[in-house]
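**Q** Hey, dropping coords-v5.txt in here, compact mmCIF, C-alpha atoms and all ligand atoms:
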```
# COMPACT_ATOMS: atom_id res chain seq x y z
CA SER L 172 11.56 3.32 12.76
CA THR L 173 10.74 0.76 10.12
CA VAL L 174 7.91 0.99 7.61
CA TYR L 175 6.84 -1.85 5.38
CA VAL L 176 5.53 -0.83 1.95
CA LEU L 177 3.51 -3.82 0.77
CA ASN L 178 2.18 -4.25 -2.76
CA GLY L 179 -0.40 -6.74 -3.96
CA PRO L 180 -1.16 -8.51 -7.22
CA ASN L 181 -0.19 -7.20 -10.65
CA LEU L 182 1.73 -4.25 -9.27
CA ASN L 183 4.95 -5.94 -10.46
CA ALA L 184 3.72 -5.07 -13.97
CA LEU L 185 3.56 -1.31 -13.37
CA GLY L 186 5.03 0.65 -16.25
CA LYS L 187 3.65 -1.70 -18.88
CA ARG L 188 0.27 -2.40 -17.29
CA GLU L 189 -2.52 -0.06 -18.45
CA PRO L 190 -0.26 3.02 -18.37
CA GLY L 191 -3.27 5.24 -19.13
CA ILE L 192 -4.62 4.32 -15.70
CA TYR L 193 -1.53 3.54 -13.64
CA GLY L 194 1.12 5.70 -15.32
CA GLY L 195 4.47 4.81 -16.83
CA LYS L 196 6.50 4.47 -13.66
CA THR L 197 7.76 1.02 -12.73
CA LEU L 198 7.46 -0.47 -9.25
CA ASP L 199 11.26 -0.32 -9.00
CA ALA L 200 11.13 3.45 -9.61
CA ILE L 201 8.41 3.83 -6.98
CA GLU L 202 10.53 1.79 -4.57
CA ALA L 203 13.46 4.18 -5.17
CA ASP L 204 11.17 7.16 -4.44
CA CYS L 205 10.02 5.49 -1.21
CA HIS L 206 13.62 4.93 -0.09
CA ASN L 207 14.44 8.58 -0.83
CA LEU L 208 11.48 9.99 1.08
CA GLY L 209 11.97 7.38 3.81
CA GLU L 210 15.46 8.71 4.41
CA THR L 211 14.09 12.24 4.81
CA LEU L 212 11.39 11.05 7.18
CA GLY L 213 13.70 8.84 9.24
CA PHE L 214 12.17 5.56 8.09
CA LYS L 215 13.89 2.37 7.13
CA ILE L 216 11.74 1.20 4.21
CA ASP L 217 11.11 -2.50 3.59
CA PHE L 218 9.44 -2.59 0.15
CA ARG L 219 7.82 -5.80 -1.15
CA GLN L 220 5.36 -7.08 -3.77
CA SER L 221 3.47 -10.35 -4.04
CA ASN L 222 0.76 -11.71 -6.30
CA HIS L 223 -0.31 -14.11 -3.52
CA GLU L 224 -2.92 -13.25 -0.92
CA GLY L 225 -1.47 -15.50 1.78
CA VAL L 226 2.00 -14.04 1.37
CA LEU L 227 0.52 -10.59 1.98
CA VAL L 228 -1.14 -11.95 5.14
CA ASP L 229 2.24 -13.35 6.27
CA TRP L 230 3.92 -9.98 5.66
CA LEU L 231 1.23 -8.04 7.55
CA GLN L 232 1.67 -10.38 10.52
CA GLU L 233 5.44 -9.98 10.29
CA ALA L 234 5.05 -6.20 10.13
CA GLY L 235 3.02 -6.36 13.35
CA ASP L 236 6.11 -7.81 15.06
CA LYS L 237 8.86 -5.92 13.30
CA ALA L 238 7.60 -2.63 11.88
CA ASN L 239 6.17 0.66 13.13
CA GLY L 240 3.70 1.07 10.29
CA VAL L 241 2.59 -0.23 6.91
CA ALA L 242 1.75 1.49 3.63
CA LEU L 243 -0.37 -1.06 1.77
CA ASN L 244 -1.42 -1.09 -1.85
CA PRO L 245 -3.53 -4.25 -1.74
CA GLY L 246 -4.32 -4.13 -5.46
CA ALA L 247 -7.47 -6.06 -6.31
CA TYR L 248 -7.33 -8.02 -3.03
CA GLY L 249 -8.38 -4.83 -1.28
CA HIS L 250 -11.78 -5.23 -2.91
CA THR L 251 -12.22 -8.88 -1.97
CA SER L 252 -10.05 -10.11 0.86
CA ILE L 253 -11.48 -10.82 4.29
CA ALA L 254 -8.10 -12.42 5.08
CA LEU L 255 -6.34 -9.07 4.55
CA HIS L 256 -9.06 -7.33 6.57
CA ASP L 257 -8.48 -9.76 9.45
CA ALA L 258 -4.69 -9.49 9.21
CA ILE L 259 -4.83 -5.69 9.43
CA ARG L 260 -7.12 -5.69 12.44
CA SER L 261 -4.97 -8.27 14.19
CA ILE L 262 -1.87 -6.05 14.28
CA ASP L 263 -1.29 -3.03 16.52
CA ILE L 264 0.55 -0.76 14.10
CA PRO L 265 -1.04 1.79 11.74
CA VAL L 266 -1.81 0.63 8.22
CA VAL L 267 -2.43 3.23 5.51
CA GLU L 268 -4.19 1.86 2.44
CA LEU L 269 -3.24 3.43 -0.85
CA HIS L 270 -4.02 3.12 -4.52
CA LEU L 271 -2.44 4.76 -7.54
CA SER L 272 -5.79 5.28 -9.24
CA ASN L 273 -8.91 6.91 -7.82
CA ILE L 274 -10.86 3.70 -7.19
CA HIS L 275 -14.05 5.73 -6.61
CA ALA L 276 -13.92 7.13 -10.14
CA ARG L 277 -13.71 3.65 -11.68
CA GLU L 278 -15.89 0.53 -11.95
CA ALA L 279 -18.42 -0.06 -9.15
CA PHE L 280 -16.58 -3.21 -8.01
CA ARG L 281 -13.60 -1.02 -7.11
CA HIS L 282 -15.69 1.26 -4.89
CA VAL L 283 -15.78 -1.43 -2.21
CA SER L 284 -12.77 -1.87 0.04
CA MET L 285 -12.52 -4.73 2.53
CA THR L 286 -9.32 -3.24 3.90
CA ALA L 287 -10.35 0.42 4.30
CA PRO L 288 -12.52 0.00 7.43
CA VAL L 289 -9.60 -1.47 9.36
CA SER L 290 -6.95 0.89 7.97
CA LYS L 291 -6.13 4.24 9.57
CA GLY L 292 -6.99 5.98 6.34
CA VAL L 293 -7.00 5.64 2.58
CA ILE L 294 -5.13 7.59 -0.08
CA CYS L 295 -6.00 7.10 -3.73
CA GLY L 296 -5.83 8.85 -7.05
CA PHE L 297 -2.41 10.50 -6.96
CA GLY L 298 -0.43 7.96 -8.96
CA PRO L 299 2.98 7.21 -7.44
CA GLY L 300 2.35 10.28 -5.27
CA SER L 301 -0.11 8.16 -3.28
CA TYR L 302 2.90 6.26 -1.88
CA MET L 303 4.58 9.50 -0.84
CA LEU L 304 1.42 10.75 0.86
CA ALA L 305 1.02 7.43 2.69
CA LEU L 306 4.58 7.65 4.02
CA ARG L 307 4.00 11.24 5.17
CA ALA L 308 0.77 10.19 6.90
CA LEU L 309 2.67 7.41 8.70
CA ALA L 310 5.38 9.90 9.71
CA ASP L 311 2.72 12.16 11.26
CA MET L 312 1.11 9.21 13.04
CA THR L 313 4.25 7.61 14.39
CA GLY L 314 5.72 10.97 15.42
CA LYS L 315 8.76 10.52 13.21
C1 LIG L 401 -4.96 -0.41 -7.56
C2 LIG L 401 -6.47 -0.31 -7.81
C3 LIG L 401 -7.12 -1.67 -7.81
O1 LIG L 401 -8.51 -1.54 -8.10
C4 LIG L 401 -6.50 -2.55 -8.88
O2 LIG L 401 -7.05 -3.85 -8.80
C5 LIG L 401 -5.01 -2.59 -8.80
C6 LIG L 401 -4.30 -1.34 -8.56
C7 LIG L 401 -4.27 0.97 -7.69
O3 LIG L 401 -3.16 1.11 -7.16
O4 LIG L 401 -4.82 1.88 -8.31
O5 LIG L 401 -4.40 -3.62 -9.00
O6 LIG L 401 -4.74 -0.88 -6.24
```
Show how you would write the structure in this file as structure tokens.
**A**
Amino acid sequence: STVYVLNGPNLNALGKREPGIYGGKTLDAIEADCHNLGETLGFKIDFRQSNHEGVLVDWLQEAGDKANGVALNPGAYGHTSIALHDAIRSIDIPVVELHLSNIHAREAFRHVSMTAPVSKGVICGFGPGSYMLALRALADMTGK
């Protein structure tokens, strides 16, 4: 099966962006980890990043047609985007929301998630490990 790993705004800057919060690993390195674990789990991984809300909506819709599940790090749009909320609820495949940082241990504006209520579940606080846990959760859910 195919799993889309979708990344929202500013995640292209991982590695140099606030490493005290997000760690030193680049998004490319996280992508490599996802491909490695994906192979073990029997997933073809389609890994993407965009700084643009509408592009993320397009990709969620596309995933609904082409993928078996989505691991989504919505970045800051998770806290604000009704469009991402609507896109997730409009597709019939499981979406697992994830964040590198523990959003509940940070500023109050990060405690709100527009995307969490329509996702299967949320993983946050484990750094790049959050991606691995999201893939494992999708493997359990999709029976792969
Ligand atoms: C993030 C958490 C968000 O609050 C923040 O806006 C990000 C990254 C994370 O992975 O920890 O861009 O999604």
**Q** I want to know what sits within 8 Å of Pro265 of chain L, based on only C-alpha atoms, with residues of the same chain fewer than 5 positions away left out; could you give that as number ranges by chain?
**A** L: 239-241, 290-291, 309, 312
**Q** At what distance in Å, to one decimal, does atom CA of Gly179 of chain L lie from atom CA of Phe214 of chain L?
**A**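 Separating atom CA of Phe214 of chain L from atom CA of Gly179 of chain L is a distance of 21.3 Å.
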**Q** Excluding Ile259 of chain L and its own-chain neighbours fewer than 5 positions away, which residues fall within 8 Å of it when counting all atoms listed in the file? Please give them as a list of chain:residue names.
**A** L:Leu231, L:Val266, L:Thr286, L:Val289, L:Ser290
**Q** Just want the 6 Å neighbourhood of Asn244 of chain L, counted on all atoms listed in the file, with same-chain residues fewer than 5 positions away dropped. Output as a PyMOL selection string.
**A** chain L and resi 178+268-270
**Q** Write the selection just made, keeping C-alpha atoms, as an mmCIF file, in the frame of the given file?
**A**
```cif
data_model
loop_
_atom_site.group_PDB
_atom_site.id
_atom_site.type_symbol
_atom_site.label_atom_id
_atom_site.label_comp_id
_atom_site.auth_asym_id
_atom_site.auth_seq_id
_atom_site.Cartn_x
_atom_site.Cartn_y
_atom_site.Cartn_z
ATOM 1 C CA ASN L 178 2.180 -4.250 -2.760
ATOM 2 C CA GLU L 268 -4.190 1.860 2.440
ATOM 3 C CA LEU L 269 -3.240 3.430 -0.850
ATOM 4 C CA HIS L 270 -4.020 3.120 -4.520
#
```
**Q** Taking all atoms listed in the file into account, which of L:Trp230, L:Phe218, L:Tyr175, L:Tyr193 comes nearest ligand LIG 401 (chain L)?
**A**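 Of L:Trp230, L:Phe218, L:Tyr175, L:Tyr193, the one nearest ligand LIG 401 (chain L), counting all atoms listed in the file, is L:Tyr193.
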**Q** Can you work out which one of L:Leu304, L:Ala247, L:Ala310, L:Ile216 has the shortest atom-to-atom distance to ligand LIG 401 (chain L), counting only C-alpha atoms and all ligand atoms?
**A**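 That would be L:Ala247, the residue with the smallest distance to ligand LIG 401 (chain L).
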**Q** Once 3 Å is added on each side, what are the centre and the three edge lengths, in Å to one decimal, of the axis-aligned box enclosing the listed atoms of segment 210-229 of chain L? Present them as lines of an AutoDock Vina configuration file.
**A**
```
center_x = 6.3
center_y = -1.6
center_z = 1.5
size_x = 24.4
size_y = 33.7
size_z = 21.5
```
**Q** Please identify all protein, DNA and RNA residues within 10 Å of ligand LIG 401 (chain L), counting only C-alpha atoms and all ligand atoms, and report them as an NGL selection string.
**A** :L and (178-185 or 188 or 192-194 or 222 or 243-251 or 268-275 or 277-278 or 280-284 or 294-299 or 301-302)
**Q** With a distance cut-off of 8 Å and all atoms listed in the file, select the neighbouring residues of Met303 of chain L, excluding the residue or stretch itself and same-chain residues fewer than 4 positions from it, and output the selection as a ChimeraX atom specification.
**A** /L:204-205,208,299,307
**Q** Can you write out the residues you just picked, keeping C-alpha atoms, as a PDB file, in the coordinates of the input?
**A**
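Below is the file out08.pdb, written as the result:
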```pdb
ATOM      1  CA  ASP L 204      11.170   7.160  -4.440  1.00  0.00           C
ATOM      2  CA  CYS L 205      10.020   5.490  -1.210  1.00  0.00           C
ATOM      3  CA  LEU L 208      11.480   9.990   1.080  1.00  0.00           C
ATOM      4  CA  PRO L 299       2.980   7.210  -7.440  1.00  0.00           C
ATOM      5  CA  ARG L 307       4.000  11.240   5.170  1.00  0.00           C
TER       6      ARG L 307
END
```
**Q** In terms of the shortest atom-to-atom distance over all atoms listed in the file, which of L:Ala242, L:Leu306, L:Val293, L:Ile264 is closest to Val176 of chain L?
**A**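 When distances to Val176 of chain L are compared using all atoms listed in the file, the smallest one comes from L:Ala242.
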**Q** Which one of L:Gly300, L:Gly225, L:Gly314, L:Gly235 sits closest to Ala200 of chain L if you count only C-alpha atoms?
**A**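 Once distances to Ala200 of chain L are computed over only C-alpha atoms, the minimum belongs to L:Gly300.
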**Q** At what distance in Å, to one decimal, does atom CA of Lys187 of chain L lie from atom CA of Glu224 of chain L?
**A**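 According to the coordinates, atom CA of Glu224 of chain L and atom CA of Lys187 of chain L are separated by 22.3 Å.
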**Q** Quick one: distance from atom CA of Ala308 of chain L to atom CA of Glu189 of chain L in Å, one decimal?
**A**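 Separation of atom CA of Ala308 of chain L and atom CA of Glu189 of chain L: 27.5 Å.
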**Q** Measuring atom to atom with only C-alpha atoms, identify which of L:Thr197, L:Leu177, L:Pro190, L:Ala287 is nearest to Ser221 of chain L.
**A**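 That would be L:Leu177, the residue with the smallest distance to Ser221 of chain L.
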**Q** For segment 211-224 of chain L, where the input has fewer atoms than it should, I would like N, CA and C atoms rebuilt and written as an mmCIF file, in the coordinates of the input.
**A**
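Output file out-v3.cif is given in full below:
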```cif
data_model
loop_
_atom_site.group_PDB
_atom_site.id
_atom_site.type_symbol
_atom_site.label_atom_id
_atom_site.label_comp_id
_atom_site.auth_asym_id
_atom_site.auth_seq_id
_atom_site.Cartn_x
_atom_site.Cartn_y
_atom_site.Cartn_z
ATOM 1 N N THR L 211 14.462 10.909 4.291
ATOM 2 C CA THR L 211 14.090 12.240 4.810
ATOM 3 C C THR L 211 13.246 12.135 6.070
ATOM 4 N N LEU L 212 12.336 11.160 6.072
ATOM 5 C CA LEU L 212 11.390 11.050 7.180
ATOM 6 C C LEU L 212 11.952 10.250 8.358
ATOM 7 N N GLY L 213 13.117 9.646 8.170
ATOM 8 C CA GLY L 213 13.700 8.840 9.240
ATOM 9 C C GLY L 213 13.164 7.422 9.299
ATOM 10 N N PHE L 214 12.699 6.927 8.173
ATOM 11 C CA PHE L 214 12.170 5.560 8.090
ATOM 12 C C PHE L 214 13.153 4.641 7.383
ATOM 13 N N LYS L 215 13.287 3.445 7.902
ATOM 14 C CA LYS L 215 13.890 2.370 7.130
ATOM 15 C C LYS L 215 12.734 1.727 6.378
ATOM 16 N N ILE L 216 12.838 1.701 5.041
ATOM 17 C CA ILE L 216 11.740 1.200 4.210
ATOM 18 C C ILE L 216 12.018 -0.241 3.794
ATOM 19 N N ASP L 217 11.056 -1.108 4.066
ATOM 20 C CA ASP L 217 11.110 -2.500 3.590
ATOM 21 C C ASP L 217 10.007 -2.637 2.542
ATOM 22 N N PHE L 218 10.383 -2.697 1.266
ATOM 23 C CA PHE L 218 9.440 -2.590 0.150
ATOM 24 C C PHE L 218 9.270 -3.955 -0.515
ATOM 25 N N ARG L 219 8.053 -4.446 -0.612
ATOM 26 C CA ARG L 219 7.820 -5.800 -1.150
ATOM 27 C C ARG L 219 6.570 -5.842 -2.033
ATOM 28 N N GLN L 220 6.535 -6.843 -2.908
ATOM 29 C CA GLN L 220 5.360 -7.080 -3.770
ATOM 30 C C GLN L 220 5.098 -8.576 -3.862
ATOM 31 N N SER L 221 3.825 -8.956 -3.786
ATOM 32 C CA SER L 221 3.470 -10.350 -4.040
ATOM 33 C C SER L 221 2.134 -10.435 -4.771
ATOM 34 N N ASN L 222 2.024 -11.434 -5.624
ATOM 35 C CA ASN L 222 0.760 -11.710 -6.300
ATOM 36 C C ASN L 222 -0.124 -12.654 -5.477
ATOM 37 N N HIS L 223 0.346 -13.051 -4.291
ATOM 38 C CA HIS L 223 -0.310 -14.110 -3.520
ATOM 39 C C HIS L 223 -0.903 -13.568 -2.220
ATOM 40 N N GLU L 224 -2.192 -13.789 -2.071
ATOM 41 C CA GLU L 224 -2.920 -13.250 -0.920
ATOM 42 C C GLU L 224 -2.299 -13.689 0.406
#
```
